[in-house]
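Peer 1: TSV, N, CA and C atoms, saved as run.tsv, coming up:
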chain	number	residue	atom	x	y	z
A	1	MET	N	-6.02	-26.83	-15.74
A	1	MET	CA	-5.98	-26.33	-14.38
A	1	MET	C	-7.35	-26.55	-13.76
A	2	THR	N	-7.37	-27.24	-12.66
A	2	THR	CA	-8.65	-27.53	-12.01
A	2	THR	C	-9.00	-26.39	-11.06
A	3	ILE	N	-10.17	-26.50	-10.50
A	3	ILE	CA	-10.65	-25.48	-9.57
A	3	ILE	C	-9.78	-25.44	-8.31
A	4	LYS	N	-9.36	-26.61	-7.84
A	4	LYS	CA	-8.52	-26.64	-6.63
A	4	LYS	C	-7.15	-26.02	-6.91
A	5	ASP	N	-6.61	-26.29	-8.10
A	5	ASP	CA	-5.32	-25.69	-8.44
A	5	ASP	C	-5.44	-24.16	-8.54
A	6	PHE	N	-6.53	-23.71	-9.12
A	6	PHE	CA	-6.76	-22.27	-9.23
A	6	PHE	C	-6.90	-21.64	-7.85
A	7	ALA	N	-7.60	-22.30	-6.96
A	7	ALA	CA	-7.79	-21.77	-5.60
A	7	ALA	C	-6.46	-21.69	-4.86
A	8	LYS	N	-5.60	-22.70	-5.02
A	8	LYS	CA	-4.28	-22.67	-4.38
A	8	LYS	C	-3.43	-21.53	-4.96
A	9	TRP	N	-3.44	-21.40	-6.29
A	9	TRP	CA	-2.67	-20.37	-6.94
A	9	TRP	C	-3.15	-18.98	-6.50
A	10	ASN	N	-4.46	-18.81	-6.44
A	10	ASN	CA	-5.04	-17.53	-6.03
A	10	ASN	C	-4.64	-17.19	-4.60
A	11	THR	N	-4.64	-18.19	-3.70
A	11	THR	CA	-4.27	-17.97	-2.31
A	11	THR	C	-2.80	-17.56	-2.22
A	12	ARG	N	-1.94	-18.24	-2.95
A	12	ARG	CA	-0.51	-17.93	-2.90
A	12	ARG	C	-0.22	-16.52	-3.43
A	13	VAL	N	-0.84	-16.17	-4.52
A	13	VAL	CA	-0.64	-14.84	-5.09
A	13	VAL	C	-1.17	-13.78	-4.14
A	14	SER	N	-2.28	-14.04	-3.49
A	14	SER	CA	-2.85	-13.08	-2.54
A	14	SER	C	-1.92	-12.88	-1.35
A	15	ILE	N	-1.28	-13.95	-0.89
A	15	ILE	CA	-0.35	-13.85	0.24
A	15	ILE	C	0.87	-13.02	-0.16
A	16	VAL	N	1.41	-13.28	-1.34
A	16	VAL	CA	2.58	-12.51	-1.81
A	16	VAL	C	2.22	-11.04	-1.94
A	17	TYR	N	1.06	-10.75	-2.47
A	17	TYR	CA	0.61	-9.37	-2.63
A	17	TYR	C	0.45	-8.70	-1.27
A	18	ALA	N	-0.18	-9.40	-0.33
A	18	ALA	CA	-0.40	-8.84	1.00
A	18	ALA	C	0.92	-8.57	1.72
A	19	VAL	N	1.88	-9.48	1.60
A	19	VAL	CA	3.18	-9.27	2.23
A	19	VAL	C	3.87	-8.04	1.63
A	20	GLY	N	3.79	-7.88	0.33
A	20	GLY	CA	4.39	-6.72	-0.31
A	20	GLY	C	3.75	-5.42	0.12
A	21	VAL	N	2.44	-5.39	0.20
A	21	VAL	CA	1.73	-4.18	0.59
A	21	VAL	C	2.04	-3.82	2.04
A	22	TRP	N	1.99	-4.81	2.93
A	22	TRP	CA	2.27	-4.53	4.34
A	22	TRP	C	3.73	-4.16	4.56
A	23	THR	N	4.63	-4.68	3.75
A	23	THR	CA	6.04	-4.27	3.85
A	23	THR	C	6.19	-2.82	3.45
A	24	MET	N	5.52	-2.41	2.38
A	24	MET	CA	5.60	-1.03	1.95
A	24	MET	C	4.98	-0.09	2.99
A	25	ILE	N	3.84	-0.44	3.54
A	25	ILE	CA	3.19	0.39	4.56
A	25	ILE	C	4.06	0.46	5.82
A	26	GLY	N	4.62	-0.67	6.21
A	26	GLY	CA	5.47	-0.70	7.40
A	26	GLY	C	6.73	0.12	7.24
A	27	SER	N	7.37	0.05	6.06
A	27	SER	CA	8.59	0.84	5.85
A	27	SER	C	8.28	2.32	5.80
A	28	TYR	N	7.15	2.70	5.21
A	28	TYR	CA	6.75	4.10	5.20
A	28	TYR	C	6.52	4.60	6.62
A	29	ALA	N	5.81	3.81	7.43
A	29	ALA	CA	5.55	4.20	8.82
A	29	ALA	C	6.85	4.31	9.60
A	30	TYR	N	7.77	3.37	9.41
A	30	TYR	CA	9.04	3.38	10.13
A	30	TYR	C	9.85	4.63	9.78
A	31	TYR	N	9.98	4.91	8.48
A	31	TYR	CA	10.78	6.07	8.09
A	31	TYR	C	10.09	7.38	8.44
A	32	SER	N	8.78	7.40	8.44
A	32	SER	CA	8.07	8.61	8.86
A	32	SER	C	8.24	8.84	10.36
A	33	TYR	N	8.21	7.77	11.13
A	33	TYR	CA	8.32	7.87	12.59
A	33	TYR	C	9.74	8.25	13.01
A	34	THR	N	10.74	7.61	12.41
A	34	THR	CA	12.12	7.87	12.81
A	34	THR	C	12.70	9.09	12.12
A	35	GLY	N	12.21	9.45	10.95
A	35	GLY	CA	12.71	10.61	10.23
A	35	GLY	C	14.05	10.37	9.58
A	36	THR	N	14.48	9.12	9.45
A	36	THR	CA	15.78	8.84	8.86
A	36	THR	C	15.77	8.96	7.35
A	37	GLY	N	14.64	8.97	6.73
A	37	GLY	CA	14.58	9.02	5.28
A	37	GLY	C	14.62	10.43	4.72
A	38	LYS	N	14.68	11.44	5.57
A	38	LYS	CA	14.65	12.82	5.09
A	38	LYS	C	16.05	13.40	5.13
A	39	LYS	N	16.39	14.16	4.08
A	39	LYS	CA	17.67	14.85	4.01
A	39	LYS	C	17.43	16.34	4.23
A	40	PRO	N	18.41	17.05	4.75
A	40	PRO	CA	18.27	18.50	4.84
A	40	PRO	C	18.12	19.12	3.46
A	41	ALA	N	17.47	20.25	3.39
A	41	ALA	CA	17.18	20.88	2.10
A	41	ALA	C	18.45	21.29	1.37
A	42	SER	N	19.53	21.55	2.09
A	42	SER	CA	20.74	22.01	1.42
A	42	SER	C	21.50	20.89	0.73
A	43	THR	N	21.23	19.62	1.07
A	43	THR	CA	21.97	18.51	0.48
A	43	THR	C	21.22	17.82	-0.64
A	44	LEU	N	20.04	18.29	-0.98
A	44	LEU	CA	19.28	17.66	-2.06
A	44	LEU	C	19.94	17.98	-3.40
A	45	VAL	N	20.18	16.96	-4.20
A	45	VAL	CA	20.80	17.12	-5.50
A	45	VAL	C	19.70	17.22	-6.55
A	46	GLY	N	19.82	18.15	-7.46
A	46	GLY	CA	18.85	18.28	-8.54
A	46	GLY	C	17.63	19.08	-8.16
A	47	GLU	N	17.63	19.68	-7.00
A	47	GLU	CA	16.48	20.48	-6.59
A	47	GLU	C	16.42	21.73	-7.45
A	48	GLU	N	15.26	22.01	-7.98
A	48	GLU	CA	15.12	23.15	-8.87
A	48	GLU	C	15.05	24.45	-8.07
A	49	LYS	N	15.78	25.43	-8.55
A	49	LYS	CA	15.76	26.75	-7.95
A	49	LYS	C	15.15	27.69	-8.98
A	50	GLN	N	14.10	28.39	-8.59
A	50	GLN	CA	13.49	29.30	-9.54
A	50	GLN	C	13.87	30.72	-9.18
A	51	LYS	N	14.38	31.43	-10.17
A	51	LYS	CA	14.73	32.83	-9.99
A	51	LYS	C	13.61	33.68	-10.55
A	52	GLU	N	13.59	34.91	-10.11
A	52	GLU	CA	12.62	35.84	-10.67
A	52	GLU	C	13.07	36.23	-12.07
A	53	PRO	N	12.24	36.02	-13.07
A	53	PRO	CA	12.63	36.37	-14.44
A	53	PRO	C	12.64	37.88	-14.63
A	54	GLU	N	13.47	38.32	-15.59
A	54	GLU	CA	13.52	39.74	-15.90
A	54	GLU	C	12.23	40.18	-16.58
A	55	LYS	N	11.71	39.31	-17.43
A	55	LYS	CA	10.48	39.61	-18.15
A	55	LYS	C	9.37	38.72	-17.61
A	56	THR	N	8.13	39.12	-17.83
A	56	THR	CA	7.01	38.32	-17.33
A	56	THR	C	6.77	37.09	-18.18
A	57	ASN	N	7.31	37.05	-19.40
A	57	ASN	CA	7.09	35.90	-20.27
A	57	ASN	C	8.24	34.91	-20.21
A	58	GLN	N	9.13	35.00	-19.20
A	58	GLN	CA	10.24	34.07	-19.06
A	58	GLN	C	10.09	33.26	-17.78
A	59	VAL	N	10.45	31.98	-17.87
A	59	VAL	CA	10.51	31.11	-16.70
A	59	VAL	C	11.89	30.47	-16.70
A	60	ILE	N	12.60	30.56	-15.56
A	60	ILE	CA	13.95	30.03	-15.47
A	60	ILE	C	13.97	28.89	-14.47
A	61	HIS	N	14.40	27.70	-14.92
A	61	HIS	CA	14.59	26.53	-14.06
A	61	HIS	C	16.08	26.25	-14.01
A	62	GLU	N	16.64	26.23	-12.81
A	62	GLU	CA	18.07	25.98	-12.68
A	62	GLU	C	18.30	24.84	-11.70
A	63	THR	N	19.02	23.82	-12.15
A	63	THR	CA	19.39	22.70	-11.29
A	63	THR	C	20.90	22.69	-11.13
A	64	ALA	N	21.43	21.64	-10.51
A	64	ALA	CA	22.87	21.55	-10.28
A	64	ALA	C	23.64	21.44	-11.59
A	65	HIS	N	23.03	20.87	-12.61
A	65	HIS	CA	23.75	20.60	-13.86
A	65	HIS	C	23.23	21.37	-15.06
A	66	THR	N	22.02	21.91	-14.97
A	66	THR	CA	21.44	22.57	-16.14
A	66	THR	C	20.77	23.88	-15.75
A	67	LYS	N	20.63	24.73	-16.74
A	67	LYS	CA	19.86	25.96	-16.58
A	67	LYS	C	18.96	26.06	-17.81
A	68	THR	N	17.66	26.12	-17.58
A	68	THR	CA	16.70	26.15	-18.67
A	68	THR	C	15.91	27.45	-18.60
A	69	ILE	N	15.84	28.15	-19.71
A	69	ILE	CA	15.05	29.37	-19.81
A	69	ILE	C	13.95	29.12	-20.83
A	70	ILE	N	12.71	29.28	-20.40
A	70	ILE	CA	11.56	29.11	-21.28
A	70	ILE	C	10.99	30.50	-21.54
A	71	ILE	N	10.88	30.86	-22.82
A	71	ILE	CA	10.35	32.16	-23.21
A	71	ILE	C	9.04	31.94	-23.95
A	72	TYR	N	7.97	32.52	-23.43
A	72	TYR	CA	6.65	32.41	-24.04
A	72	TYR	C	6.40	33.62	-24.93
A	73	LYS	N	5.47	33.48	-25.87
A	73	LYS	CA	5.06	34.61	-26.71
A	73	LYS	C	4.39	35.66	-25.82
A	74	GLU	N	4.39	36.89	-26.30
A	74	GLU	CA	3.80	37.97	-25.52
A	74	GLU	C	2.29	37.78	-25.35
A	75	ASP	N	1.59	37.45	-26.42
A	75	ASP	CA	0.13	37.32	-26.38
A	75	ASP	C	-0.28	35.85	-26.42
A	76	PHE	N	0.39	35.00	-25.68
A	76	PHE	CA	0.15	33.57	-25.73
A	76	PHE	C	-1.14	33.22	-25.01
A	77	VAL	N	-2.01	32.43	-25.68
A	77	VAL	CA	-3.23	31.91	-25.09
A	77	VAL	C	-3.17	30.40	-25.20
A	78	PRO	N	-3.28	29.68	-24.08
A	78	PRO	CA	-3.21	28.21	-24.14
A	78	PRO	C	-4.31	27.62	-25.02
A	79	TYR	N	-4.00	26.45	-25.61
A	79	TYR	CA	-4.96	25.81	-26.50
A	79	TYR	C	-6.24	25.43	-25.77
A	80	THR	N	-6.13	25.04	-24.52
A	80	THR	CA	-7.34	24.66	-23.78
A	80	THR	C	-8.27	25.86	-23.63
A	81	THR	N	-7.71	27.05	-23.40
A	81	THR	CA	-8.53	28.25	-23.29
A	81	THR	C	-9.16	28.60	-24.63
A	82	ARG	N	-8.41	28.41	-25.71
A	82	ARG	CA	-8.96	28.68	-27.04
A	82	ARG	C	-10.14	27.76	-27.35
A	83	ILE	N	-9.97	26.47	-27.05
A	83	ILE	CA	-11.05	25.50	-27.31
A	83	ILE	C	-12.26	25.82	-26.44
A	84	TYR	N	-12.02	26.17	-25.16
A	84	TYR	CA	-13.11	26.51	-24.25
A	84	TYR	C	-13.89	27.72	-24.76
A	85	ASN	N	-13.18	28.76	-25.18
A	85	ASN	CA	-13.85	29.96	-25.70
A	85	ASN	C	-14.60	29.66	-26.99
A	86	PHE	N	-14.05	28.79	-27.85
A	86	PHE	CA	-14.73	28.44	-29.09
A	86	PHE	C	-16.04	27.71	-28.80
A	87	ILE	N	-16.02	26.75	-27.88
A	87	ILE	CA	-17.24	26.00	-27.55
A	87	ILE	C	-18.23	26.90	-26.82
A	88	LYS	N	-17.72	27.79	-25.98
A	88	LYS	CA	-18.58	28.71	-25.24
A	88	LYS	C	-19.31	29.66	-26.18
A	89	SER	N	-18.72	29.96	-27.35
A	89	SER	CA	-19.36	30.88	-28.29
A	89	SER	C	-20.64	30.30	-28.88
A	90	PHE	N	-20.81	28.98	-28.84
A	90	PHE	CA	-22.02	28.35	-29.36
A	90	PHE	C	-23.15	28.31	-28.34
A	91	SER	N	-22.90	28.74	-27.13
A	91	SER	CA	-23.93	28.64	-26.08
A	91	SER	C	-25.07	29.61	-26.29
A	92	GLY	N	-24.88	30.64	-27.09
A	92	GLY	CA	-25.94	31.57	-27.38
A	92	GLY	C	-26.14	32.64	-26.32
A	93	GLU	N	-25.18	32.80	-25.44
A	93	GLU	CA	-25.30	33.83	-24.43
A	93	GLU	C	-25.13	35.19	-25.08
A	94	PRO	N	-26.00	36.15	-24.73
A	94	PRO	CA	-25.88	37.48	-25.35
A	94	PRO	C	-24.65	38.20	-24.81
A	95	GLY	N	-24.13	39.08	-25.65
A	95	GLY	CA	-23.02	39.91	-25.21
A	95	GLY	C	-21.68	39.45	-25.73
A	96	LYS	N	-21.55	38.24	-26.20
A	96	LYS	CA	-20.29	37.74	-26.73
A	96	LYS	C	-20.36	37.68	-28.25
A	97	GLY	N	-19.74	38.58	-28.90
A	97	GLY	CA	-19.64	38.54	-30.36
A	97	GLY	C	-20.84	39.12	-31.09
A	98	ASP	N	-21.94	39.43	-30.42
A	98	ASP	CA	-23.10	39.99	-31.11
A	98	ASP	C	-22.92	41.47	-31.38
A	99	ASN	N	-22.31	42.19	-30.45
A	99	ASN	CA	-22.04	43.62	-30.57
A	99	ASN	C	-23.29	44.42	-30.97
A	100	GLY	N	-24.39	44.20	-30.30
A	100	GLY	CA	-25.58	45.02	-30.48
A	100	GLY	C	-26.44	44.66	-31.66
A	101	LYS	N	-26.35	43.55	-32.26
A	101	LYS	CA	-27.20	43.18	-33.41
A	101	LYS	C	-28.57	42.79	-32.96
Kindly present the structure from the file in structure tokens form.
Peer 2:
Amino acid sequence: MTIKDFAKWNTRVSIVYAVGVWTMIGSYAYYSYTGTGKKPASTLVGEEKQKEPEKTNQVIHETAHTKTIIIYKEDFVPYTTRIYNFIKSFSGEPGKGDNGK
């Protein structure tokens, strides 16, 4: 492949890319302006409805076809918080874990 062939190929690919991007931007602008792409909230299929759980450790997700109940442990601490607290314990700040020593 020579330099001229590469330059032609690069130009063609750039044109195809530009046409695709401008088509996407134009269709977004058209549907945003006309509002034809939006459905009323009552006709959306699969929209999740969240109910108030009976317990504080329950999360209920209900869709048109499924109902999912997630139950967490009572004293659940996320792993990210555990790791953060572990690393924070090495900072040497007084008051955490020393208990008056």
Peer 1: Enter the distance from CA of Ile71 in chain A to CA of Tyr84 in chain A, in Å, rounded to one decimal.
Peer 2: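 Between these atoms lies a distance of 24.2 Å.
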Peer 1: To one decimal place, how far is CA of Gly26 in chain A from CA of Thr11 in chain A in Å?
Peer 2: 22.1 Å
Peer 1: Can you tell me how far atom C of Val19 in chain A sits from CA of Ala7 in chain A, in Å to one decimal?
Peer 2: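 Going from atom C of Val19 in chain A over to CA of Ala7 in chain A, I get 19.4 Å.
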